[in-house]
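Data file: final34.csv. Format and content: CSV, C-alpha atoms.
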chain,number,residue,atom,x,y,z
A,1,MET,CA,105.8,88.4,104.4
A,2,THR,CA,106.7,88.1,108.0
A,3,GLN,CA,105.9,90.4,111.0
A,4,VAL,CA,105.5,93.7,109.0
A,5,SER,CA,103.1,92.2,106.6
A,6,GLY,CA,101.0,90.2,109.0
A,7,ALA,CA,97.3,90.7,109.6
A,8,LEU,CA,96.4,94.4,109.9
A,9,ASP,CA,96.3,95.5,113.6
A,10,ARG,CA,93.2,97.6,113.6
A,11,THR,CA,93.9,98.6,117.2
A,12,ASP,CA,96.8,100.6,115.9
A,13,PRO,CA,95.5,104.0,115.0
A,14,VAL,CA,98.1,104.6,112.3
A,15,GLU,CA,97.3,101.4,110.5
A,16,ALA,CA,93.6,101.9,110.9
A,17,ARG,CA,94.0,105.4,109.4
A,18,LEU,CA,96.1,103.9,106.5
A,19,SER,CA,93.5,101.2,105.9
A,20,LYS,CA,90.7,103.8,105.8
A,21,ALA,CA,92.7,106.0,103.4
A,22,ILE,CA,93.2,103.1,101.0
A,23,ASP,CA,89.5,102.2,101.1
A,24,GLN,CA,88.5,105.8,100.5
A,25,ILE,CA,90.5,106.1,97.3
A,26,PRO,CA,88.2,105.5,94.3
A,27,LEU,CA,89.1,102.6,92.0
A,28,ARG,CA,91.1,104.1,89.2
A,29,ARG,CA,92.7,103.0,85.9
A,30,ASN,CA,96.0,102.4,87.6
A,31,HIS,CA,94.5,99.9,90.1
A,32,ALA,CA,93.6,97.9,87.0
A,33,LEU,CA,97.0,98.3,85.4
A,34,ILE,CA,98.8,97.3,88.6
A,35,LEU,CA,96.6,94.2,88.8
A,36,LEU,CA,97.2,93.4,85.1
A,37,LEU,CA,100.9,93.7,85.4
A,38,ILE,CA,101.0,91.5,88.5
A,39,GLY,CA,98.5,89.0,86.9
A,40,VAL,CA,100.5,88.7,83.7
A,41,GLY,CA,103.7,88.2,85.7
A,42,THR,CA,102.0,85.5,87.7
A,43,LEU,CA,100.9,83.8,84.5
A,44,PHE,CA,104.5,83.8,83.3
A,45,ASN,CA,105.5,82.3,86.6
A,46,ALA,CA,103.2,79.3,86.2
A,47,ILE,CA,104.4,78.7,82.7
A,48,GLU,CA,108.0,78.8,83.7
A,49,GLY,CA,107.5,76.7,86.7
A,50,TYR,CA,105.8,73.9,84.9
A,51,ASN,CA,107.4,73.9,81.4
A,52,VAL,CA,110.4,71.9,82.5
A,53,GLY,CA,108.0,69.0,83.2
A,54,TYR,CA,106.7,69.1,79.6
A,55,ALA,CA,110.3,69.3,78.3
A,56,ALA,CA,111.3,66.2,80.3
A,57,PRO,CA,110.4,63.5,77.8
A,58,PHE,CA,112.7,65.2,75.2
A,59,LEU,CA,115.5,65.4,77.8
A,60,VAL,CA,115.0,61.7,78.6
A,61,GLU,CA,115.6,60.9,74.9
A,62,GLN,CA,118.4,63.4,74.4
A,63,TRP,CA,120.3,63.0,77.7
A,64,GLY,CA,119.2,59.5,78.7
A,65,LEU,CA,117.7,60.6,82.0
A,66,SER,CA,116.4,58.2,84.6
A,67,THR,CA,113.1,58.5,86.4
A,68,THR,CA,114.8,60.0,89.5
A,69,GLN,CA,116.6,62.6,87.4
A,70,VAL,CA,113.3,63.7,85.7
A,71,THR,CA,111.7,64.0,89.1
A,72,MET,CA,114.6,66.1,90.4
A,73,LEU,CA,114.1,68.7,87.7
A,74,THR,CA,110.7,69.5,89.1
A,75,THR,CA,111.9,69.1,92.7
A,76,PHE,CA,114.7,71.6,92.2
A,77,THR,CA,112.4,74.1,90.5
A,78,PHE,CA,109.8,74.1,93.3
A,79,GLY,CA,112.4,73.7,96.0
A,80,GLY,CA,113.9,76.9,94.8
A,81,LEU,CA,110.4,78.4,94.7
A,82,ALA,CA,109.9,77.6,98.4
A,83,LEU,CA,113.3,79.1,99.2
A,84,GLY,CA,112.6,82.2,97.2
A,85,ALA,CA,109.3,82.8,98.9
A,86,VAL,CA,111.0,82.7,102.4
A,87,ILE,CA,113.8,85.0,101.2
A,88,ALA,CA,111.3,87.4,99.6
A,89,GLY,CA,109.3,87.6,102.8
A,90,VAL,CA,112.4,88.7,104.8
A,91,THR,CA,113.8,91.1,102.1
A,92,GLY,CA,110.3,92.5,101.4
A,93,ASP,CA,109.9,93.5,105.0
A,94,ARG,CA,113.4,94.9,105.3
A,95,TRP,CA,114.0,96.7,101.9
A,96,GLY,CA,110.5,96.9,100.5
A,97,ARG,CA,108.1,95.0,98.4
A,98,ARG,CA,108.9,96.8,95.2
A,99,VAL,CA,112.6,96.2,95.0
A,100,THR,CA,112.1,92.6,96.0
A,101,TYR,CA,109.5,92.2,93.4
A,102,MET,CA,111.6,93.6,90.6
A,103,PHE,CA,114.7,91.5,91.7
A,104,SER,CA,112.6,88.3,91.8
A,105,LEU,CA,111.3,88.9,88.2
A,106,LEU,CA,114.9,89.6,87.0
A,107,LEU,CA,116.2,86.4,88.7
A,108,PHE,CA,113.4,84.3,87.2
A,109,SER,CA,114.2,85.7,83.8
A,110,ILE,CA,117.9,84.9,84.2
A,111,GLY,CA,117.1,81.4,85.3
A,112,GLY,CA,114.8,80.7,82.4
A,113,PHE,CA,117.3,82.1,79.9
A,114,VAL,CA,120.2,80.0,81.3
A,115,SER,CA,118.0,76.9,81.3
A,116,ALA,CA,117.5,77.2,77.6
A,117,PHE,CA,121.2,77.1,77.0
A,118,SER,CA,122.0,74.3,79.5
A,119,PRO,CA,124.8,72.0,78.0
A,120,ASN,CA,124.0,69.1,80.4
A,121,TYR,CA,121.7,67.9,83.1
A,122,GLU,CA,123.7,69.2,86.1
A,123,PHE,CA,123.8,72.7,84.6
A,124,LEU,CA,120.1,72.6,84.1
A,125,LEU,CA,119.4,71.7,87.7
A,126,VAL,CA,121.3,74.8,88.9
A,127,ALA,CA,119.4,77.0,86.4
A,128,ARG,CA,116.1,75.6,87.6
A,129,VAL,CA,117.0,76.5,91.2
A,130,VAL,CA,117.8,80.0,90.2
A,131,ALA,CA,114.5,80.3,88.2
A,132,GLY,CA,112.6,78.7,91.1
A,133,ILE,CA,114.0,81.3,93.6
A,134,GLY,CA,112.8,84.1,91.4
A,135,LEU,CA,109.4,82.4,90.9
A,136,GLY,CA,108.9,82.0,94.7
A,137,GLY,CA,109.9,85.6,95.4
A,138,GLU,CA,107.6,87.0,92.8
A,139,ILE,CA,104.6,85.0,93.9
A,140,ALA,CA,105.0,85.9,97.6
A,141,VAL,CA,105.5,89.6,96.9
A,142,ALA,CA,102.8,89.8,94.2
A,143,LEU,CA,100.1,88.6,96.6
A,144,THR,CA,101.4,91.0,99.3
A,145,ILE,CA,101.4,94.0,97.0
A,146,VAL,CA,97.8,93.3,95.9
A,147,SER,CA,96.5,92.8,99.4
A,148,GLU,CA,98.2,96.0,100.6
A,149,ILE,CA,97.2,98.3,97.7
A,150,MET,CA,93.7,97.2,96.8
A,151,PRO,CA,90.7,98.5,98.7
A,152,THR,CA,89.0,96.1,101.1
A,153,ARG,CA,85.9,95.9,99.0
A,154,VAL,CA,87.7,94.4,96.0
A,155,ARG,CA,90.6,92.8,97.7
A,156,GLY,CA,89.2,89.3,97.5
A,157,ALA,CA,88.4,89.6,93.8
A,158,ALA,CA,91.8,91.1,93.1
A,159,LEU,CA,93.6,88.2,94.8
A,160,GLY,CA,91.3,85.8,93.0
A,161,PHE,CA,92.3,87.4,89.7
A,162,VAL,CA,96.0,86.7,90.5
A,163,ASN,CA,95.1,83.2,91.5
A,164,ILE,CA,93.3,82.6,88.2
A,165,ALA,CA,96.2,84.1,86.2
A,166,GLY,CA,98.7,81.8,87.9
A,167,GLY,CA,96.9,78.7,89.3
A,168,GLY,CA,94.4,78.4,86.5
A,169,ALA,CA,95.3,80.2,83.3
A,170,GLY,CA,99.0,79.9,83.8
A,171,ILE,CA,99.0,76.1,84.2
A,172,PHE,CA,96.6,75.7,81.3
A,173,ALA,CA,98.8,78.1,79.2
A,174,ALA,CA,101.9,76.1,80.1
A,175,SER,CA,100.4,72.9,78.8
A,176,GLY,CA,99.0,74.6,75.7
A,177,MET,CA,102.3,76.3,74.9
A,178,SER,CA,104.2,73.1,75.4
A,179,ALA,CA,101.9,71.2,73.1
A,180,LEU,CA,102.4,73.9,70.4
A,181,ILE,CA,106.1,74.3,70.7
A,182,LEU,CA,107.0,70.7,71.2
A,183,GLY,CA,104.4,69.6,68.7
A,184,PRO,CA,103.6,71.4,65.4
A,185,LEU,CA,106.4,74.0,65.8
A,186,SER,CA,109.1,71.5,66.8
A,187,GLY,CA,110.3,71.0,63.2
A,188,PRO,CA,110.7,74.7,62.3
A,189,LEU,CA,112.4,75.3,65.7
A,190,GLY,CA,115.1,72.7,65.0
A,191,GLY,CA,113.5,69.4,65.9
A,192,ASP,CA,113.2,67.6,69.3
A,193,THR,CA,116.8,68.4,70.3
A,194,MET,CA,116.1,72.2,70.1
A,195,ALA,CA,112.4,72.8,70.6
A,196,TRP,CA,112.6,72.2,74.4
A,197,ARG,CA,115.2,75.0,74.6
A,198,TYR,CA,112.8,77.5,73.1
A,199,LEU,CA,110.1,76.3,75.5
A,200,LEU,CA,112.4,77.0,78.5
A,201,GLY,CA,113.7,80.4,77.2
A,202,ILE,CA,110.8,81.9,75.3
A,203,LEU,CA,109.3,83.8,78.3
A,204,VAL,CA,112.4,85.9,78.8
A,205,VAL,CA,111.3,88.5,76.2
A,206,PRO,CA,107.8,89.2,77.6
A,207,ALA,CA,109.1,88.9,81.2
A,208,LEU,CA,111.6,91.7,80.5
A,209,PHE,CA,108.8,93.7,78.9
A,210,ILE,CA,106.8,93.4,82.1
A,211,TYR,CA,109.9,94.2,84.2
A,212,TYR,CA,110.1,97.5,82.3
A,213,PHE,CA,106.6,98.6,83.1
A,214,ARG,CA,106.6,97.3,86.7
A,215,ARG,CA,109.0,100.1,87.5
A,216,TYR,CA,106.0,102.3,87.8
A,217,ILE,CA,104.2,100.2,90.5
A,218,PRO,CA,104.4,102.2,93.7
A,219,GLU,CA,105.8,100.9,96.9
A,220,SER,CA,103.4,99.3,99.3
A,221,PRO,CA,102.0,102.1,101.7
A,222,ARG,CA,101.9,99.5,104.4
A,223,HIS,CA,105.7,99.0,104.2
A,224,LEU,CA,106.3,102.7,104.0
A,225,ILE,CA,104.3,103.4,107.1
A,226,GLU,CA,106.1,100.6,109.0
A,227,THR,CA,109.4,102.2,108.2
A,228,GLY,CA,108.2,105.7,109.1
A,229,ARG,CA,108.4,107.2,105.6
A,230,VAL,CA,105.2,109.2,105.9
A,231,ASP,CA,105.9,111.6,103.0
A,232,GLU,CA,106.3,108.6,100.7
A,233,VAL,CA,103.1,107.0,102.0
A,234,ASN,CA,101.2,110.1,101.1
A,235,HIS,CA,102.9,110.3,97.7
A,236,ALA,CA,102.1,106.6,97.0
A,237,LEU,CA,98.4,107.1,98.0
A,238,SER,CA,98.2,110.2,95.9
A,239,ARG,CA,99.6,108.3,92.9
A,240,LEU,CA,96.9,105.7,93.3
A,241,ALA,CA,94.2,108.4,93.6
A,242,SER,CA,95.5,110.2,90.5
A,243,GLY,CA,94.8,107.3,88.2
A,244,ARG,CA,98.3,107.4,86.7
A,245,LEU,CA,101.0,104.9,87.3
A,246,ARG,CA,103.6,107.4,86.0
A,247,PRO,CA,102.6,110.7,87.6
A,248,GLY,CA,104.1,114.0,86.4
A,249,LYS,CA,105.8,116.7,88.4
A,250,ASP,CA,102.4,118.3,88.8
A,251,LEU,CA,101.1,115.5,91.1
A,252,ALA,CA,99.1,117.0,93.9
A,253,VAL,CA,100.1,115.2,97.1
A,254,THR,CA,97.3,114.8,99.6
A,255,GLU,CA,98.2,114.4,103.3
A,256,TYR,CA,96.3,111.2,104.0
A,257,ILE,CA,98.5,110.5,107.0
A,258,PRO,CA,99.7,113.6,108.9
A,259,ALA,CA,103.3,113.1,109.9
A,260,GLU,CA,102.8,114.2,113.4
A,261,THR,CA,100.3,111.4,114.0
A,262,VAL,CA,102.9,108.7,113.2
A,263,PRO,CA,105.3,107.8,116.1
A,264,GLU,CA,108.8,106.7,115.3
A,265,ARG,CA,108.7,103.2,113.8
A,266,GLN,CA,111.2,100.6,112.7
A,267,ALA,CA,110.2,97.6,110.7
A,268,THR,CA,111.4,94.3,112.2
A,269,THR,CA,111.7,91.0,110.4
A,270,ARG,CA,111.3,88.0,112.6
A,271,LEU,CA,110.4,84.9,110.6
A,272,ALA,CA,110.0,82.8,113.8
A,273,GLU,CA,106.9,84.8,114.7
A,274,ILE,CA,104.8,82.6,112.3
A,275,PHE,CA,105.6,79.7,114.6
A,276,GLU,CA,104.4,81.4,117.8
A,277,GLY,CA,101.1,81.8,119.5
A,278,VAL,CA,97.9,81.8,117.4
A,279,LEU,CA,100.0,82.1,114.2
A,280,LEU,CA,101.5,78.7,114.8
A,281,ARG,CA,98.1,76.9,114.3
A,282,ARG,CA,97.4,78.9,111.2
A,283,THR,CA,100.8,78.2,109.8
A,284,VAL,CA,100.6,74.5,110.3
A,285,VAL,CA,97.0,74.2,108.8
A,286,LEU,CA,97.9,76.3,105.8
A,287,TRP,CA,101.2,74.4,105.2
A,288,VAL,CA,99.4,71.0,105.4
A,289,MET,CA,96.7,72.2,102.9
A,290,ALA,CA,99.3,73.7,100.6
A,291,ILE,CA,101.5,70.6,100.6
A,292,MET,CA,98.5,68.4,99.8
A,293,THR,CA,97.0,70.5,97.0
A,294,PHE,CA,100.2,71.9,95.6
A,295,GLY,CA,102.0,68.5,95.7
A,296,ALA,CA,99.2,66.8,93.8
A,297,GLN,CA,99.0,69.6,91.2
A,298,VAL,CA,102.7,69.6,90.6
A,299,THR,CA,102.9,65.8,90.3
A,300,ILE,CA,100.1,65.5,87.8
A,301,THR,CA,101.1,68.6,85.7
A,302,SER,CA,104.8,68.1,85.6
A,303,LEU,CA,105.2,64.3,85.5
A,304,TRP,CA,102.1,63.3,83.6
A,305,PRO,CA,103.5,63.8,80.1
A,306,THR,CA,106.6,61.6,80.9
A,307,ILE,CA,104.5,59.0,82.6
A,308,LEU,CA,102.1,58.7,79.6
A,309,ILE,CA,105.1,58.4,77.2
A,310,TRP,CA,106.5,55.6,79.3
A,311,LYS,CA,103.1,53.9,79.1
A,312,GLY,CA,103.4,53.9,75.3
A,313,PHE,CA,101.6,57.1,74.3
A,314,SER,CA,103.1,59.4,71.6
A,315,THR,CA,104.6,62.7,72.6
A,316,ASP,CA,101.8,64.7,71.0
A,317,ALA,CA,99.1,62.5,72.6
A,318,SER,CA,100.6,62.9,76.1
A,319,LEU,CA,100.9,66.7,75.8
A,320,ASN,CA,97.4,67.0,74.4
A,321,MET,CA,96.0,64.8,77.2
A,322,THR,CA,97.7,67.0,79.8
A,323,LEU,CA,96.3,70.1,78.2
A,324,VAL,CA,92.8,68.6,78.6
A,325,ILE,CA,93.4,67.7,82.2
A,326,ASN,CA,94.5,71.2,83.0
A,327,ILE,CA,91.2,72.6,81.9
A,328,GLY,CA,90.1,71.6,85.4
A,329,SER,CA,92.8,73.8,86.9
A,330,LEU,CA,91.5,76.8,85.0
A,331,LEU,CA,87.8,76.1,86.0
A,332,GLY,CA,88.8,75.4,89.6
A,333,ALA,CA,90.7,78.7,89.9
A,334,ILE,CA,87.8,80.7,88.4
A,335,ALA,CA,85.3,79.0,90.8
A,336,ALA,CA,87.6,79.6,93.8
A,337,ALA,CA,88.1,83.3,92.9
A,338,THR,CA,84.3,83.8,92.4
A,339,CYS,CA,83.4,82.1,95.7
A,340,GLY,CA,86.2,84.0,97.5
A,341,HIS,CA,84.7,87.3,96.4
A,342,LEU,CA,81.1,86.4,97.2
A,343,LEU,CA,81.5,84.1,100.2
A,344,PRO,CA,83.5,84.2,103.4
A,345,ARG,CA,87.1,83.1,102.8
A,346,ARG,CA,86.9,80.3,105.3
A,347,VAL,CA,83.8,78.8,103.6
A,348,THR,CA,85.6,78.9,100.2
A,349,LEU,CA,88.7,77.3,101.7
A,350,CYS,CA,86.7,74.4,103.2
Target format structure tokens, applied to this file:
Amino acid sequence: MTQVSGALDRTDPVEARLSKAIDQIPLRRNHALILLLIGVGTLFNAIEGYNVGYAAPFLVEQWGLSTTQVTMLTTFTFGGLALGAVIAGVTGDRWGRRVTYMFSLLLFSIGGFVSAFSPNYEFLLVARVVAGIGLGGEIAVALTIVSEIMPTRVRGAALGFVNIAGGGAGIFAASGMSALILGPLSGPLGGDTMAWRYLLGILVVPALFIYYFRRYIPESPRHLIETGRVDEVNHALSRLASGRLRPGKDLAVTEYIPAETVPERQATTRLAEIFEGVLLRRTVVLWVMAIMTFGAQVTITSLWPTILIWKGFSTDASLNMTLVINIGSLLGAIAAATCGHLLPRRVTLC
């Protein structure tokens, strides 16, 4: 997110009151449900983002792809992811986290479905960009929603859970699913020329299932307060306090934020702000760290099966070896989430 979703300005009495209200709401069943829906969606994101790398050896054999073409499949997917994250940051501030979140999931589902029916390499590249944009938008907004809905005392653990779902379990699940679909299940699914299509399109069904239930996730109170929609803020906070994602007409709305205490506000979206003042240093540092870690992770996870096959390993052996390697991603994500909850964030990051 951009300006609206930046660090909470605790000198602003309205935002301070909102933060206090969120922290005072007891943890309810719907906090866990929201986190579960977001976590499962992030898990699907990781699988969809990495599965094209596992399908690459079969595409090389079927379409005669070169090394450069194989690399471009992953590049286009994660290039779309970067673009989608930027777009979602702007649209999330302007039109809301919830609508951006739902649209991103739908776009990701469409991209995955179209990928499965790609008639040629060029068509698949376009489909991967579409899927990547959806993936990037969902990841960006998912983290924002969690950070703006969850109470401060559990925010680190909640964000850590999302990281485990995507960065750890998702990558591990992607390699495991690929080893299963492209290995033992390949024959029943139509052989090597068809199994990779199931791999790229299989997540559409559960993704649409999650899409249906995500309709009940409330809009971020932070976005609502920034746009001056005080009545909706109190309604969203009351929904969280009620313990029900789908409240009935009998929902008792508590006035957490009195309307008369909120001056007229208008959310502004200025992406350039992250390159100004103190935010510039933070942006550069985080970008460098993300490029180094994410780049290495994508390279190993997406290209490793193809590299091993080129080195003479069988398809099954290359997929199984990648699965073993990705155990490290799962353990690392769990360790990072645990440390992020127990230790200062900066210590964990270092």
Determine, for each residue of range 100-147 of chain A having at least one atom at most 7 Å from an atom of range 55-77 of chain A, the closest pair of atoms and their separation in Å to one decimal, counting all atoms listed in the file; order by chain and ascending number, as CSV.
residue,atom,partner,partner_atom,distance
A:Leu125,CA,A:Leu73,CA,6.1
A:Arg128,CA,A:Thr77,CA,4.9
A:Val129,CA,A:Thr77,CA,5.2
A:Ala131,CA,A:Thr77,CA,6.9
A:Gly132,CA,A:Thr77,CA,4.6
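Here CA of Ile25 in chain A is placed at a distance of 15.5 Å from CA of Leu251 in chain A.
Counting only C-alpha atoms and comparing A:Phe123, A:Phe108, A:Phe103, A:Phe161, the residue that lies closest to Gly80 in chain A is A:Phe108.
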All residues 12 Å or closer to Ala32 in chain A, all atoms listed in the file, same chain fewer than 3 positions away omitted, as a list in words: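 Result of the neighbour search: Pro26, Leu27, Arg28, Arg29, Leu35, Leu36, Leu37, Ile38, Gly39, Val40, Val146, Ile149, Met150, Val154, Ala157, Ala158, Phe161, Val162, Ile217, Leu240, Gly243, Arg244 and Leu245 of chain A.
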Pairwise distance for CA of Leu343 in chain A and CA of Arg155 in chain A, rounded to one decimal in Å: 12.8 Å
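Taking CA of Ala337 in chain A and CA of Gly167 in chain A as endpoints, the distance between them is 10.6 Å.
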